[in-house]
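One structure is given here, and the rest of the page talks about it.
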Amino acid sequence: MPHKTKKLYEGKAKVVYETDDPDKLILVFKDTATAFDGVKKAELKGKGALNNTISSLIFEILHKSGIKTHYIEKLSDTEMLVWKAERFLVEVVVRNVAAGSVVKRLGFKEGDRFEKPLLEFFYKNDELHDPLVCDAHIELMKLAPMEALPLMRDTALKVNEVLSQFFQEHGIILVDFKLEFGRLPDGSIGIVDEISPDSMRLWDARTGEKLDKDRFRFDLGDLLEGYRKILKQIF
Ligand code: UDP
């Protein structure tokens, strides 16, 4: 069993530790909920465990579909063992249904289903509020290796197919989600970070109820009740 050696970094939702294996890290999921680039913040007991459980389950589903990620195993309620990666500075968002920034930015109506999935890149930078970027920005600002972009696009769309179908089978609509990528120790490119209701929009297919972090962003109801509903429906 690998154990934590040194704290490497503390983010908004997770603490990252080095381990006795230089190629592996331990992520500890915190009970902190944040929104609007950290401006809104709360401690919600049990959130870390819920996100670790849901994220681990999703990574296992992706592995079964041959999608490469940094995930190795779930170590405990709040701890995940992952491969150490050099993270790229972009976030990849895939959308099936209009919500969030695409409604504000482009005037779509929330709930409109897109003819085909919409894929966007954002620059990971809280101070600049994660602006939308195109390939030319990514190249100029060296936000990710250009040769990795086709693989990131293909992988994100494949993840969308796999997860849309998975959630649909469990009565949930996958509205949109965010992925991050990086270079893994073997030199390949894989998905890093978490894939949880903090980084996805999930709506109950029957009632339309929002089950994800929008509950916290817009005070729509108890956040963890939503996350527990997701877990109950998918497990
Ligand atoms: N998202 C995320 N981290 C970010 C920005 C967005 O995980 O820094 C997720 C968000 O939860 C949603 C999707 O990416 O599932 C699309 O987010 P959007 O661009 O609509 O931004 P928002 O208005 O939610 O900040």
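Ligands are numbered from 1 in the order shown, residues from 1 within each chain, and chains are lettered A, B, ... in the order they appear in the structure tokens.
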
So which residues of range 5-171 of chain A fall under strand (DSSP E) by DSSP, listed as a PyMOL selection string? chain A and resi 5-10+14-19+24-29+32-35+40-43+71-74+79-83+86-97+113-123+132-133

Could you build a table of the residues in chain A lying no more than 6 Å from ligand 1, giving for each the nearest pair of atoms and their separation in Å rounded to one decimal place, using only C-alpha atoms and all ligand atoms, ordered by chain and ascending residue number, as a tab-separated table?
```
residue	atom	partner	partner_atom_place_in_ligand_line	distance
A:Val93	CA	ligand 1	14 (O)	5.5
A:Ala99	CA	ligand 1	20 (O)	5.7
A:Gly100	CA	ligand 1	20 (O)	3.4
A:Ser101	CA	ligand 1	20 (O)	3.8
A:Val102	CA	ligand 1	20 (O)	5.8
A:Asp176	CA	ligand 1	15 (O)	4.9
A:Phe177	CA	ligand 1	15 (O)	4.1
A:Lys178	CA	ligand 1	14 (O)	4.2
A:Asp198	CA	ligand 1	11 (O)	5.5
A:Ser199	CA	ligand 1	7 (O)	3.2
A:Met200	CA	ligand 1	15 (O)	3.5
A:Arg201	CA	ligand 1	15 (O)	4.4
```

Take the residues that were just selected and, keeping C-alpha atoms, output them as a JSON list (two decimals), in the first residue's frame.
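The resulting file, part36.json, is reproduced below:
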```
[["chain", "number", "residue", "atom", "x", "y", "z"],
["A", 93, "VAL", "CA", -15.72, 20.97, -22.13],
["A", 99, "ALA", "CA", -26.53, 25.32, -19.80],
["A", 100, "GLY", "CA", -24.15, 27.57, -17.90],
["A", 101, "SER", "CA", -21.68, 29.76, -19.75],
["A", 102, "VAL", "CA", -22.92, 28.83, -23.22],
["A", 176, "ASP", "CA", -22.08, 18.76, -20.07],
["A", 177, "PHE", "CA", -18.74, 18.00, -18.44],
["A", 178, "LYS", "CA", -15.16, 19.23, -18.16],
["A", 198, "ASP", "CA", -18.42, 19.17, -9.41],
["A", 199, "SER", "CA", -17.31, 19.08, -13.05],
["A", 200, "MET", "CA", -20.42, 17.72, -14.82],
["A", 201, "ARG", "CA", -24.02, 18.79, -15.17]]
```

Which residues are near range 133-135 of chain A? Cut-off 8 Å, only C-alpha atoms, ignore same chain within fewer than 5 positions. Put them as a ChimeraX atom specification. /A:120-123

Write the residues of the preceding selection, restricted to C-alpha atoms, as a short mmCIF file (atom, residue, chain, number, x, y, z; two decimals), in the first residue's frame.
```
data_model
loop_
_atom_site.label_atom_id
_atom_site.label_comp_id
_atom_site.auth_asym_id
_atom_site.auth_seq_id
_atom_site.Cartn_x
_atom_site.Cartn_y
_atom_site.Cartn_z
CA GLU A 120 -14.74 23.84 -26.37
CA PHE A 121 -11.31 24.62 -24.89
CA PHE A 122 -10.82 26.95 -21.92
CA TYR A 123 -7.61 28.41 -20.51
#
```

Restricting the calculation to only C-alpha atoms: of A:Thr34, A:Ser56, A:Thr207, A:Thr19, which residue gets closest to Val192 in chain A? A:Ser56

Write out as an mmCIF file with N, CA, C and O atoms, in the first residue's frame which residues come within 8 Å of range 141-148 of chain A when counting only C-alpha atoms, dropping same-chain ones fewer than 6 positions away.
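File out.cif, as written:
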```cif
data_model
loop_
_atom_site.group_PDB
_atom_site.id
_atom_site.type_symbol
_atom_site.label_atom_id
_atom_site.label_comp_id
_atom_site.auth_asym_id
_atom_site.auth_seq_id
_atom_site.Cartn_x
_atom_site.Cartn_y
_atom_site.Cartn_z
ATOM 1 N N PHE A 88 -1.768 19.766 -18.629
ATOM 2 C CA PHE A 88 -1.872 20.835 -19.618
ATOM 3 C C PHE A 88 -2.728 21.963 -19.027
ATOM 4 O O PHE A 88 -3.505 21.745 -18.105
ATOM 5 N N LEU A 89 -2.593 23.166 -19.608
ATOM 6 C CA LEU A 89 -3.272 24.333 -19.031
ATOM 7 C C LEU A 89 -4.638 24.604 -19.663
ATOM 8 O O LEU A 89 -5.152 25.724 -19.565
ATOM 9 N N VAL A 90 -5.191 23.579 -20.314
ATOM 10 C CA VAL A 90 -6.528 23.769 -20.892
ATOM 11 C C VAL A 90 -7.539 22.839 -20.238
ATOM 12 O O VAL A 90 -7.194 21.777 -19.727
ATOM 13 N N TYR A 123 -8.918 28.205 -21.153
ATOM 14 C CA TYR A 123 -7.608 28.406 -20.509
ATOM 15 C C TYR A 123 -7.809 28.311 -19.000
ATOM 16 O O TYR A 123 -8.600 29.052 -18.427
ATOM 17 N N ILE A 189 -0.683 10.338 -23.306
ATOM 18 C CA ILE A 189 -1.562 11.417 -22.843
ATOM 19 C C ILE A 189 -2.836 10.814 -22.282
ATOM 20 O O ILE A 189 -3.421 9.904 -22.888
#
```

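Omitting range 150-153 of chain A and its sequence neighbours fewer than 3 positions away, and counting only C-alpha atoms, the residues within 8 Å are Val92, Leu119, Glu147, Ala156, Leu157 and Phe181 of chain A.
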
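Straight-line separation from CA of Thr53 in chain A to CA of Arg113 in chain A: 28.8 Å.
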
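Minimum atom-to-atom distance to Phe29 in chain A, evaluated using only C-alpha atoms, belongs to A:Ser55 out of A:Thr5, A:Thr69, A:Asn96, A:Ser55.
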
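With only C-alpha atoms as the atoms that count, the minimum distance from Ser196 in chain A to the choices A:Leu211, A:Ile58, A:Ala49, A:Leu149 is reached by A:Ile58.
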